[in-house]
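**Student:** Structure in structure tokens, see below.
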Amino acid sequence: MPGLAYLLGSLSTAILVSRMLGLPDPRHVGSGNPGATNVLRIGGRRAAIITLIGDILKGVLPVVLARLIGVAPWIVALVAFCALLGHIYPVFFRFRGGKGVATALGVLAAIDPVAGAGLLGIWLVVAAVFRYSSLAALTAAVAAPFLVAATLHHHVELFFGTTAAMSALLLWRHRSNIRNLLAGRETKIGARAAKAR
């Protein structure tokens, strides 16, 4: 089950959508990140929405399936982490994936819908106020373990630990964004993509 979650996560929605719509490879344009925000820059809203939905579903589906078939909670937690790991380090795309925000949201929403809704709310508010997708993602990532601990009513320690590990991975993947934010060079939401590298 964790292996299947990893393989599903490894299907890069941004790259597949860009290929289907005749867009540039998001790994070589704009921020170079194969995620919904960069697809928005290079392909517009429709492409970005499809990418976002696909990335969220990659997190939701394996966790929901694991819970439906009744596997042990620790396996559900492992499935959740493997889905995110697949998105970030996809075996099908030379282990060069996205930063994991939408997939992490899908995973956490499947584990605890209340926490998922809270994290989406945090992301939306920070993104609307500051216009930085990365800052919104970083804020949500820091808040995620504590929100899960506050809203979940079963196996709290297990899923707090899993969420903390996922948050640490998200922060690591955003290390260049952190440097850009501190230096005032981070690209705002809605900015046009740079030319292909």
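Identifiers for the structure tokens are assigned positionally: chains receive A, B, ... in sequence, residues are indexed from 1 per chain, and ligands are indexed from 1 in the order shown.
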Write out as a list in words each polymer residue whose atoms come within 7 Å of A:Pro145, counting only C-alpha atoms; drop sequence neighbours fewer than 2 positions from it.
**Tutor:**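 Non-adjacent residues within range: Ala143, Leu147, Val148, Ala149, Phe160, Thr163 and Ala164 of chain A.
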**Student:** Using only C-alpha atoms, find the one residue out of A:Leu78, A:Val17, A:Val91, A:Ile111 that sits nearest to A:His154.
**Tutor:**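 Checking each of A:Leu78, A:Val17, A:Val91, A:Ile111 against A:His154, counting only C-alpha atoms, the winner is A:Ile111.
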**Student:** List as a Markdown table every residue of stretch 59-175 of chain A that is in contact with stretch 179-189 of chain A, defined as an atom at most 8 Å from one of its atoms (using only C-alpha atoms), together with the nearest atom pair and the distance in Å rounded to one decimal, sorted by chain and then rising number.
**Tutor:**
| residue | atom | partner | partner_atom | distance |
| --- | --- | --- | --- | --- |
| A:Ala127 | CA | A:Ile189 | CA | 8.0 |
| A:Arg131 | CA | A:Ile189 | CA | 5.4 |
| A:Tyr132 | CA | A:Lys188 | CA | 4.9 |
| A:Ser133 | CA | A:Ile189 | CA | 6.2 |
| A:Leu135 | CA | A:Leu181 | CA | 7.9 |
| A:Arg175 | CA | A:Arg179 | CA | 6.4 |
**Student:** Please save N, CA and C atoms of the selected residues as a compact mmCIF listing (two decimals), in the first residue's frame.
**Tutor:**
# COMPACT_ATOMS: atom_id res chain seq x y z
N ALA A 127 -1.98 34.08 1.42
CA ALA A 127 -1.78 34.35 -0.01
C ALA A 127 -2.52 35.62 -0.44
N ARG A 131 0.33 37.95 -1.16
CA ARG A 131 0.50 37.61 -2.57
C ARG A 131 1.72 36.74 -2.84
N TYR A 132 2.17 36.00 -1.83
CA TYR A 132 3.27 35.07 -2.00
C TYR A 132 2.77 33.65 -1.72
N SER A 133 2.77 32.81 -2.75
CA SER A 133 2.34 31.42 -2.56
C SER A 133 3.27 30.69 -1.60
N LEU A 135 5.09 31.91 0.89
CA LEU A 135 4.88 32.33 2.28
C LEU A 135 3.62 31.69 2.85
N ARG A 175 13.42 25.86 0.76
CA ARG A 175 14.57 26.61 1.29
C ARG A 175 15.00 27.74 0.35
**Student:** May I have the residues within 12 Å of stretch 46-54 of chain A as a PyMOL selection string, using only C-alpha atoms and disregarding those fewer than 3 positions away in the same chain?
**Tutor:** chain A and resi 8-24+26+34-43+57-61+87+98+100-106+190
**Student:** Calculated over only C-alpha atoms, which of the candidates A:Leu85, A:Leu65, A:Ala80, A:Leu138 has the smallest distance to A:His174?
**Tutor:**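 Residue with the minimum atom-to-atom distance to A:His174: A:Leu138.
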**Student:** Please compute the atom CA of A:Gly3-atom CA of A:Ile88 distance, one decimal, in Å.
**Tutor:**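 Between atom CA of A:Gly3 and atom CA of A:Ile88 the gap works out to 14.6 Å.
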**Student:** Tell me which of A:Met1, A:Asn33, A:Ala144, A:Leu68 sits closest to A:Asp112, counting only C-alpha atoms.
**Tutor:**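 Comparing A:Met1, A:Asn33, A:Ala144, A:Leu68 against A:Asp112, the winner is A:Ala144.
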